[in-house]
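First the structure, in the form of structure tokens, and then the observations on it.
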Amino acid sequence: MAYEINQALPRSFSRLKSRKGDDAPLASHVRGLLVAFLPRYGLLISFLVLWQVSSTRGWINPAVFPPLNVILSALWTNLANGALLDDIAISLQRSGTAFAFAVVVGIPLGLFMGQFRLVEQALDPILQLFRQTSALALYPVFILLLGLGETSKIFVIFWATLFPVLLSTIGGVKEVDKKLIEMARTYGAGPLTVFRRVILPASVPAIFVGLRLSATTALLLLIAAEMIGANKGIGFQVMNAQYNFQIPLMFAAILLLAFLGLAANALLVLLQRRLCRWSQPST
């Protein structure tokens, strides 16, 4: 019996060591994830936890700042019963249409102005004047000209989203290395080839910066546009919930808008990485 115990103990210790050896890579992987995750999202998580605890314990007024679980429950309920789905579709249609028009107008115009200094000098003063004029301040003017319908809502979003794309494109073209252009011309490249092979690729990273700013601006202006003369949309839901003192629904609509903004930004970042692999830092 003692012999059997003496033979079994080394086997048990060897199994224990092997299990520890198997757990070591997993623990190292988890530790690496925490090291990468906490510096980036630790403050946000702390803020959300503080909000939840403060609201549930009455440190802040739960009627004004409901607990996060109540807000998420309201968001899920209104998504499940379809109450917010139509609002999401309409809001995305408005902001998406305005953003598409801003891209179609802003990028070609920015590429043109960036290459011709005289054109930029002639148009820059009026562009700066329009850029410094708030789109919300001009919204009543757009309503008078275009009516209280979809056209004025889309146009005010377009007005605000045009300038980030336009100015970023102009800056991207002007920052192209002149030596690359001279080298291409030395090898016999014509103006169209220089534009297609040198200027346009070198300007793409700056253009994407403008696109990301414009996408965020489109969602911000969407709320203001839908608060006036609208009966559908996420902005309308925010105002309607506030008027009816449905505070969890109001925060749910705001949270939904934030998620849409994050999704749009992530989509543009992914597209930029696929189109501009040469500009990504090597690791």
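Every chain in the structure tokens takes a letter, A first, then B, and so on in the order presented; its residues are numbered from 1, and the ligands are numbered from 1 following the presented order.
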
Compile the contact shell of Asn240 of chain A as a ChimeraX atom specification: residues with an atom at most 9 Å away, counting only C-alpha atoms, same-chain residues fewer than 6 positions apart removed. /A:227,246,250

Could you write out, as a compact mmCIF listing (two decimals) with N, CA, C and O atoms, in the first residue's frame, all the residues of segment 35-146 of chain A that DSSP marks as alpha helix (DSSP H)?
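Dumped everything to out-v3.txt:
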# COMPACT_ATOMS: atom_id res chain seq x y z
N VAL A 35 -4.21 44.70 -19.91
CA VAL A 35 -3.26 45.80 -20.07
C VAL A 35 -3.64 46.65 -21.28
O VAL A 35 -3.51 47.88 -21.26
N ALA A 36 -4.14 46.01 -22.35
CA ALA A 36 -4.53 46.77 -23.53
C ALA A 36 -5.90 47.43 -23.38
O ALA A 36 -6.17 48.47 -23.99
N PHE A 37 -6.78 46.83 -22.57
CA PHE A 37 -8.16 47.29 -22.48
C PHE A 37 -8.33 48.40 -21.45
O PHE A 37 -8.99 49.42 -21.73
N LEU A 38 -7.75 48.23 -20.28
CA LEU A 38 -8.01 49.16 -19.19
C LEU A 38 -7.51 50.58 -19.45
O LEU A 38 -8.23 51.54 -19.15
N PRO A 39 -6.30 50.80 -19.99
CA PRO A 39 -5.90 52.18 -20.25
C PRO A 39 -6.81 52.91 -21.22
O PRO A 39 -6.95 54.13 -21.14
N ARG A 40 -7.46 52.18 -22.12
CA ARG A 40 -8.29 52.82 -23.14
C ARG A 40 -9.73 53.01 -22.66
O ARG A 40 -10.33 54.05 -22.92
N TYR A 41 -10.26 52.02 -21.95
CA TYR A 41 -11.67 52.06 -21.58
C TYR A 41 -11.90 52.09 -20.07
O TYR A 41 -13.05 52.07 -19.63
N GLY A 42 -10.82 52.13 -19.30
CA GLY A 42 -11.00 52.09 -17.85
C GLY A 42 -11.76 53.28 -17.31
O GLY A 42 -12.64 53.13 -16.45
N LEU A 43 -11.45 54.49 -17.81
CA LEU A 43 -12.13 55.69 -17.32
C LEU A 43 -13.60 55.67 -17.69
O LEU A 43 -14.46 56.06 -16.89
N LEU A 44 -13.92 55.21 -18.91
CA LEU A 44 -15.32 55.13 -19.33
C LEU A 44 -16.09 54.14 -18.47
O LEU A 44 -17.22 54.42 -18.03
N ILE A 45 -15.49 52.98 -18.21
CA ILE A 45 -16.16 51.98 -17.37
C ILE A 45 -16.36 52.53 -15.96
O ILE A 45 -17.43 52.33 -15.35
N SER A 46 -15.39 53.23 -15.44
CA SER A 46 -15.52 53.81 -14.10
C SER A 46 -16.66 54.83 -14.07
O SER A 46 -17.43 54.88 -13.10
N PHE A 47 -16.78 55.64 -15.12
CA PHE A 47 -17.86 56.62 -15.18
C PHE A 47 -19.23 55.94 -15.21
O PHE A 47 -20.16 56.36 -14.50
N LEU A 48 -19.35 54.88 -16.00
CA LEU A 48 -20.63 54.17 -16.09
C LEU A 48 -20.98 53.49 -14.76
O LEU A 48 -22.14 53.51 -14.34
N VAL A 49 -19.98 52.90 -14.12
CA VAL A 49 -20.23 52.27 -12.81
C VAL A 49 -20.64 53.31 -11.79
O VAL A 49 -21.55 53.11 -10.98
N LEU A 50 -19.96 54.47 -11.79
CA LEU A 50 -20.31 55.54 -10.87
C LEU A 50 -21.72 56.04 -11.12
O LEU A 50 -22.47 56.32 -10.17
N TRP A 51 -22.12 56.17 -12.38
CA TRP A 51 -23.49 56.58 -12.71
C TRP A 51 -24.49 55.57 -12.15
O TRP A 51 -25.48 55.95 -11.50
N GLN A 52 -24.26 54.27 -12.38
CA GLN A 52 -25.18 53.24 -11.93
C GLN A 52 -25.31 53.24 -10.41
O GLN A 52 -26.42 53.23 -9.86
N VAL A 53 -24.18 53.28 -9.73
CA VAL A 53 -24.21 53.24 -8.26
C VAL A 53 -24.84 54.51 -7.70
O VAL A 53 -25.65 54.45 -6.76
N SER A 54 -24.48 55.66 -8.23
CA SER A 54 -25.02 56.93 -7.72
C SER A 54 -26.52 57.01 -7.90
O SER A 54 -27.24 57.52 -7.02
N SER A 55 -27.03 56.50 -9.02
CA SER A 55 -28.46 56.58 -9.26
C SER A 55 -29.24 55.58 -8.42
O SER A 55 -30.31 55.90 -7.88
N THR A 56 -28.73 54.36 -8.29
CA THR A 56 -29.44 53.35 -7.51
C THR A 56 -29.43 53.66 -6.01
O THR A 56 -30.39 53.33 -5.30
N LEU A 68 -28.46 52.94 -15.31
CA LEU A 68 -28.16 52.46 -16.65
C LEU A 68 -28.97 51.24 -17.03
O LEU A 68 -29.34 51.07 -18.20
N ASN A 69 -29.27 50.37 -16.07
CA ASN A 69 -30.07 49.19 -16.39
C ASN A 69 -31.48 49.58 -16.81
O ASN A 69 -32.09 48.94 -17.67
N VAL A 70 -32.02 50.66 -16.24
CA VAL A 70 -33.35 51.14 -16.64
C VAL A 70 -33.29 51.72 -18.06
O VAL A 70 -34.19 51.50 -18.88
N ILE A 71 -32.23 52.46 -18.36
CA ILE A 71 -32.07 53.04 -19.69
C ILE A 71 -31.92 51.93 -20.73
O ILE A 71 -32.56 51.96 -21.80
N LEU A 72 -31.08 50.94 -20.44
CA LEU A 72 -30.89 49.84 -21.39
C LEU A 72 -32.17 49.02 -21.56
O LEU A 72 -32.46 48.54 -22.65
N SER A 73 -32.93 48.88 -20.47
CA SER A 73 -34.20 48.18 -20.57
C SER A 73 -35.18 48.93 -21.47
O SER A 73 -35.88 48.33 -22.30
N ALA A 74 -35.23 50.25 -21.33
CA ALA A 74 -36.10 51.06 -22.20
C ALA A 74 -35.64 50.97 -23.66
O ALA A 74 -36.46 50.89 -24.57
N LEU A 75 -34.33 50.98 -23.87
CA LEU A 75 -33.81 50.86 -25.23
C LEU A 75 -34.19 49.52 -25.84
O LEU A 75 -34.66 49.45 -26.99
N TRP A 76 -34.00 48.44 -25.10
CA TRP A 76 -34.33 47.12 -25.61
C TRP A 76 -35.83 46.97 -25.87
O TRP A 76 -36.23 46.41 -26.89
N THR A 77 -36.64 47.48 -24.96
CA THR A 77 -38.09 47.36 -25.12
C THR A 77 -38.57 48.08 -26.38
O THR A 77 -39.36 47.54 -27.16
N ASN A 78 -38.08 49.29 -26.60
CA ASN A 78 -38.52 50.06 -27.77
C ASN A 78 -37.93 49.54 -29.07
O ASN A 78 -38.52 49.75 -30.14
N LEU A 79 -36.78 48.88 -29.00
CA LEU A 79 -36.25 48.23 -30.19
C LEU A 79 -37.02 46.94 -30.49
O LEU A 79 -37.29 46.63 -31.65
N ALA A 80 -37.35 46.20 -29.45
CA ALA A 80 -38.04 44.92 -29.65
C ALA A 80 -39.46 45.11 -30.18
O ALA A 80 -39.92 44.33 -31.03
N LEU A 85 -37.35 51.47 -34.49
CA LEU A 85 -36.78 51.01 -35.75
C LEU A 85 -37.09 51.98 -36.88
O LEU A 85 -36.22 52.29 -37.72
N ASP A 86 -38.32 52.47 -36.95
CA ASP A 86 -38.67 53.45 -37.98
C ASP A 86 -37.88 54.74 -37.80
O ASP A 86 -37.46 55.37 -38.79
N ASP A 87 -37.70 55.15 -36.54
CA ASP A 87 -36.93 56.37 -36.28
C ASP A 87 -35.47 56.20 -36.73
O ASP A 87 -34.88 57.14 -37.28
N ILE A 88 -34.90 55.03 -36.49
CA ILE A 88 -33.52 54.78 -36.91
C ILE A 88 -33.42 54.85 -38.43
O ILE A 88 -32.50 55.49 -38.99
N ALA A 89 -34.37 54.22 -39.13
CA ALA A 89 -34.33 54.21 -40.59
C ALA A 89 -34.45 55.63 -41.16
O ALA A 89 -33.70 56.01 -42.08
N ILE A 90 -35.38 56.41 -40.62
CA ILE A 90 -35.57 57.77 -41.12
C ILE A 90 -34.36 58.65 -40.83
O ILE A 90 -33.90 59.42 -41.68
N SER A 91 -33.81 58.53 -39.62
CA SER A 91 -32.65 59.34 -39.27
C SER A 91 -31.44 58.98 -40.12
O SER A 91 -30.69 59.85 -40.57
N LEU A 92 -31.23 57.68 -40.35
CA LEU A 92 -30.11 57.27 -41.18
C LEU A 92 -30.30 57.72 -42.62
O LEU A 92 -29.33 58.08 -43.31
N GLN A 93 -31.54 57.74 -43.08
CA GLN A 93 -31.79 58.22 -44.44
C GLN A 93 -31.47 59.70 -44.57
O GLN A 93 -30.83 60.12 -45.54
N ARG A 94 -31.88 60.50 -43.58
CA ARG A 94 -31.60 61.93 -43.64
C ARG A 94 -30.11 62.22 -43.55
O ARG A 94 -29.55 62.94 -44.39
N SER A 95 -29.47 61.66 -42.54
CA SER A 95 -28.04 61.95 -42.36
C SER A 95 -27.21 61.32 -43.47
O SER A 95 -26.23 61.91 -43.93
N GLY A 96 -27.60 60.13 -43.93
CA GLY A 96 -26.85 59.48 -45.00
C GLY A 96 -26.95 60.23 -46.31
O GLY A 96 -25.95 60.36 -47.05
N THR A 97 -28.13 60.75 -46.63
CA THR A 97 -28.30 61.52 -47.86
C THR A 97 -27.46 62.79 -47.82
O THR A 97 -26.77 63.14 -48.79
N ALA A 98 -27.52 63.50 -46.70
CA ALA A 98 -26.74 64.73 -46.57
C ALA A 98 -25.24 64.44 -46.61
O ALA A 98 -24.47 65.17 -47.26
N PHE A 99 -24.82 63.38 -45.97
CA PHE A 99 -23.40 63.01 -45.97
C PHE A 99 -22.94 62.64 -47.37
O PHE A 99 -21.83 63.02 -47.80
N ALA A 100 -23.77 61.92 -48.12
CA ALA A 100 -23.42 61.54 -49.49
C ALA A 100 -23.27 62.77 -50.38
O ALA A 100 -22.31 62.86 -51.18
N PHE A 101 -24.18 63.72 -50.25
CA PHE A 101 -24.07 64.96 -51.03
C PHE A 101 -22.81 65.73 -50.66
O PHE A 101 -22.14 66.32 -51.53
N ALA A 102 -22.48 65.76 -49.37
CA ALA A 102 -21.26 66.46 -48.93
C ALA A 102 -20.02 65.81 -49.52
O ALA A 102 -19.08 66.51 -49.92
N VAL A 103 -20.00 64.49 -49.60
CA VAL A 103 -18.86 63.78 -50.19
C VAL A 103 -18.77 64.06 -51.68
O VAL A 103 -17.68 64.35 -52.22
N VAL A 104 -19.91 64.00 -52.37
CA VAL A 104 -19.93 64.20 -53.83
C VAL A 104 -19.49 65.62 -54.19
O VAL A 104 -18.80 65.84 -55.20
N VAL A 105 -19.87 66.60 -53.38
CA VAL A 105 -19.51 67.99 -53.66
C VAL A 105 -18.15 68.35 -53.09
O VAL A 105 -17.32 68.99 -53.75
N GLY A 106 -17.87 67.94 -51.85
CA GLY A 106 -16.69 68.40 -51.14
C GLY A 106 -15.39 67.84 -51.68
O GLY A 106 -14.40 68.57 -51.82
N ILE A 107 -15.35 66.54 -51.98
CA ILE A 107 -14.09 65.94 -52.41
C ILE A 107 -13.65 66.44 -53.78
O ILE A 107 -12.50 66.89 -53.94
N PRO A 108 -14.51 66.42 -54.82
CA PRO A 108 -14.04 66.97 -56.11
C PRO A 108 -13.66 68.45 -56.03
O PRO A 108 -12.65 68.87 -56.61
N LEU A 109 -14.48 69.25 -55.31
CA LEU A 109 -14.16 70.66 -55.20
C LEU A 109 -12.86 70.87 -54.44
O LEU A 109 -12.04 71.74 -54.79
N GLY A 110 -12.64 70.09 -53.40
CA GLY A 110 -11.39 70.21 -52.64
C GLY A 110 -10.18 69.79 -53.45
O GLY A 110 -9.12 70.43 -53.36
N LEU A 111 -10.30 68.74 -54.24
CA LEU A 111 -9.20 68.33 -55.11
C LEU A 111 -8.89 69.40 -56.14
O LEU A 111 -7.72 69.65 -56.46
N PHE A 112 -9.92 70.03 -56.65
CA PHE A 112 -9.71 71.09 -57.66
C PHE A 112 -9.07 72.32 -57.03
O PHE A 112 -8.10 72.88 -57.56
N MET A 113 -9.60 72.76 -55.88
CA MET A 113 -9.06 73.96 -55.24
C MET A 113 -7.65 73.73 -54.72
O MET A 113 -6.82 74.65 -54.72
N GLY A 114 -7.36 72.52 -54.28
CA GLY A 114 -6.03 72.25 -53.75
C GLY A 114 -4.94 72.31 -54.79
O GLY A 114 -3.77 72.58 -54.46
N GLN A 115 -5.28 72.05 -56.06
CA GLN A 115 -4.28 72.05 -57.11
C GLN A 115 -4.07 73.41 -57.77
O GLN A 115 -3.01 73.65 -58.35
N ARG A 117 -3.93 77.29 -57.07
CA ARG A 117 -3.80 78.28 -56.00
C ARG A 117 -4.70 79.49 -56.24
O ARG A 117 -5.29 80.03 -55.29
N LEU A 118 -4.80 79.95 -57.50
CA LEU A 118 -5.63 81.11 -57.78
C LEU A 118 -7.11 80.83 -57.47
O LEU A 118 -7.82 81.71 -56.95
N VAL A 119 -7.57 79.63 -57.77
CA VAL A 119 -8.96 79.26 -57.47
C VAL A 119 -9.17 79.24 -55.96
O VAL A 119 -10.19 79.74 -55.45
N GLU A 120 -8.21 78.69 -55.24
CA GLU A 120 -8.33 78.66 -53.78
C GLU A 120 -8.35 80.06 -53.19
O GLU A 120 -9.14 80.36 -52.29
N GLN A 121 -7.48 80.94 -53.67
CA GLN A 121 -7.45 82.29 -53.16
C GLN A 121 -8.74 83.04 -53.45
O GLN A 121 -9.18 83.87 -52.66
N ALA A 122 -9.36 82.74 -54.56
CA ALA A 122 -10.61 83.42 -54.91
C ALA A 122 -11.79 82.91 -54.08
O ALA A 122 -12.67 83.69 -53.69
N LEU A 123 -11.82 81.61 -53.79
CA LEU A 123 -12.97 81.02 -53.10
C LEU A 123 -12.79 80.94 -51.59
O LEU A 123 -13.78 80.77 -50.86
N ASP A 124 -11.55 81.00 -51.12
CA ASP A 124 -11.31 80.79 -49.69
C ASP A 124 -12.02 81.81 -48.79
O ASP A 124 -12.59 81.42 -47.76
N PRO A 125 -12.05 83.11 -49.11
CA PRO A 125 -12.74 84.06 -48.21
C PRO A 125 -14.22 83.74 -48.01
O PRO A 125 -14.72 83.77 -46.88
N ILE A 126 -14.92 83.43 -49.09
CA ILE A 126 -16.35 83.16 -48.95
C ILE A 126 -16.57 81.82 -48.26
O ILE A 126 -17.53 81.65 -47.48
N LEU A 127 -15.68 80.86 -48.49
CA LEU A 127 -15.79 79.58 -47.78
C LEU A 127 -15.56 79.76 -46.28
O LEU A 127 -16.27 79.17 -45.46
N GLN A 128 -14.58 80.57 -45.92
CA GLN A 128 -14.33 80.82 -44.50
C GLN A 128 -15.51 81.55 -43.86
O GLN A 128 -15.86 81.28 -42.70
N LEU A 129 -16.13 82.46 -44.60
CA LEU A 129 -17.30 83.16 -44.07
C LEU A 129 -18.44 82.19 -43.82
O LEU A 129 -19.08 82.21 -42.75
N PHE A 130 -18.72 81.33 -44.78
CA PHE A 130 -19.80 80.35 -44.62
C PHE A 130 -19.47 79.33 -43.53
O PHE A 130 -20.35 78.90 -42.80
N ARG A 131 -18.19 78.96 -43.44
CA ARG A 131 -17.80 77.97 -42.44
C ARG A 131 -17.97 78.49 -41.03
O ARG A 131 -18.33 77.74 -40.11
N GLN A 132 -17.71 79.78 -40.84
CA GLN A 132 -17.83 80.36 -39.51
C GLN A 132 -19.28 80.68 -39.14
O GLN A 132 -19.55 81.03 -37.99
N ALA A 135 -24.54 76.44 -38.82
CA ALA A 135 -25.63 75.86 -39.61
C ALA A 135 -26.96 75.98 -38.87
O ALA A 135 -28.01 76.16 -39.49
N LEU A 136 -26.92 75.91 -37.54
CA LEU A 136 -28.16 76.06 -36.77
C LEU A 136 -28.69 77.48 -36.87
O LEU A 136 -29.91 77.70 -36.85
N ALA A 137 -27.78 78.48 -36.95
CA ALA A 137 -28.23 79.86 -37.12
C ALA A 137 -28.88 80.06 -38.49
O ALA A 137 -29.78 80.90 -38.63
N LEU A 138 -28.43 79.30 -39.49
CA LEU A 138 -29.00 79.41 -40.82
C LEU A 138 -30.22 78.53 -41.03
O LEU A 138 -30.87 78.63 -42.08
N TYR A 139 -30.51 77.67 -40.08
CA TYR A 139 -31.64 76.75 -40.24
C TYR A 139 -32.96 77.48 -40.49
O TYR A 139 -33.74 77.06 -41.36
N PRO A 140 -33.28 78.56 -39.78
CA PRO A 140 -34.52 79.29 -40.10
C PRO A 140 -34.54 79.83 -41.53
O PRO A 140 -35.59 79.85 -42.17
N VAL A 141 -33.36 80.22 -42.04
CA VAL A 141 -33.29 80.68 -43.42
C VAL A 141 -33.58 79.53 -44.38
O VAL A 141 -34.32 79.68 -45.37
N PHE A 142 -33.03 78.37 -44.10
CA PHE A 142 -33.29 77.21 -44.95
C PHE A 142 -34.76 76.82 -44.91
O PHE A 142 -35.32 76.39 -45.94
N ILE A 143 -35.39 76.98 -43.74
CA ILE A 143 -36.82 76.66 -43.64
C ILE A 143 -37.64 77.62 -44.49
O ILE A 143 -38.59 77.23 -45.18
N LEU A 144 -37.26 78.92 -44.44
CA LEU A 144 -37.99 79.91 -45.26
C LEU A 144 -37.82 79.62 -46.75
O LEU A 144 -38.76 79.79 -47.54
N LEU A 145 -36.63 79.19 -47.15
CA LEU A 145 -36.37 78.95 -48.57
C LEU A 145 -36.90 77.60 -49.05
O LEU A 145 -37.42 77.49 -50.17
N LEU A 146 -36.76 76.58 -48.22
CA LEU A 146 -37.04 75.21 -48.65
C LEU A 146 -38.26 74.59 -47.99
O LEU A 146 -38.65 73.47 -48.36

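Our summary of the geometry notes that atom CA of Ile207 of chain A is positioned 5.0 Å from atom CA of Thr169 of chain A.
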
Nearest residue to Phe195 of chain A out of A:Ala264, A:Ser152, A:Leu180, A:Leu166, using only C-alpha atoms? A:Leu180

Within 9 Å of segment 174-179 of chain A, counting only C-alpha atoms, which residues qualify if same-chain residues fewer than 3 places away don't, as number ranges by chain? A: 114-115, 169-171, 182-184, 198-199, 202-203

Please dump the current selection as a compact mmCIF listing (two decimals), in the first residue's frame; keep C-alpha atoms.
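File produced: selection-v2.txt:
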# COMPACT_ATOMS: atom_id res chain seq x y z
CA GLY A 114 -6.03 72.25 -53.75
CA GLN A 115 -4.28 72.05 -57.11
CA THR A 169 -9.34 67.53 -48.97
CA ILE A 170 -7.77 70.90 -49.77
CA GLY A 171 -5.25 70.43 -46.97
CA GLU A 182 8.43 66.63 -59.72
CA MET A 183 9.77 63.07 -59.90
CA ALA A 184 6.62 61.85 -61.65
CA VAL A 198 0.49 60.74 -56.91
CA ILE A 199 -1.86 63.50 -55.71
CA ALA A 202 -1.37 60.91 -51.07
CA SER A 203 -4.51 62.91 -50.21

I'd like the contact shell of Gly261 of chain A - 8 Å cut-off, only C-alpha atoms, skipping same-chain residues fewer than 6 positions apart - returned as a list in words. Ala215, Thr216 and Leu219 of chain A

Selected residues written out with N, CA, C and O atoms, as a PDB file, in the first residue's frame:
ATOM      1  N   ALA A 215     -19.043  62.708 -40.702  1.00  0.00           N
ATOM      2  CA  ALA A 215     -20.014  61.714 -40.227  1.00  0.00           C
ATOM      3  C   ALA A 215     -20.482  62.036 -38.814  1.00  0.00           C
ATOM      4  O   ALA A 215     -21.678  61.933 -38.505  1.00  0.00           O
ATOM      5  N   THR A 216     -19.552  62.445 -37.959  1.00  0.00           N
ATOM      6  CA  THR A 216     -19.937  62.840 -36.598  1.00  0.00           C
ATOM      7  C   THR A 216     -20.816  64.081 -36.610  1.00  0.00           C
ATOM      8  O   THR A 216     -21.820  64.161 -35.894  1.00  0.00           O
ATOM      9  N   LEU A 219     -24.502  63.396 -37.585  1.00  0.00           N
ATOM     10  CA  LEU A 219     -25.356  62.869 -36.522  1.00  0.00           C
ATOM     11  C   LEU A 219     -25.670  63.933 -35.477  1.00  0.00           C
ATOM     12  O   LEU A 219     -26.763  63.936 -34.896  1.00  0.00           O
TER      13      LEU A 219
END

What separation in Å, quoted to one decimal, exists between atom CA of Gly190 of chain A and atom CA of Val165 of chain A?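 These atoms are spaced 27.0 Å apart.
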
The distance between atom CA of Leu268 of chain A and atom CA of Arg212 of chain A is 6.6 Å

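Taking only C-alpha atoms into account, Leu249 of chain A lies nearest to A:Pro66 out of the set A:Pro191, A:Gly58, A:Pro66, A:Gly229.
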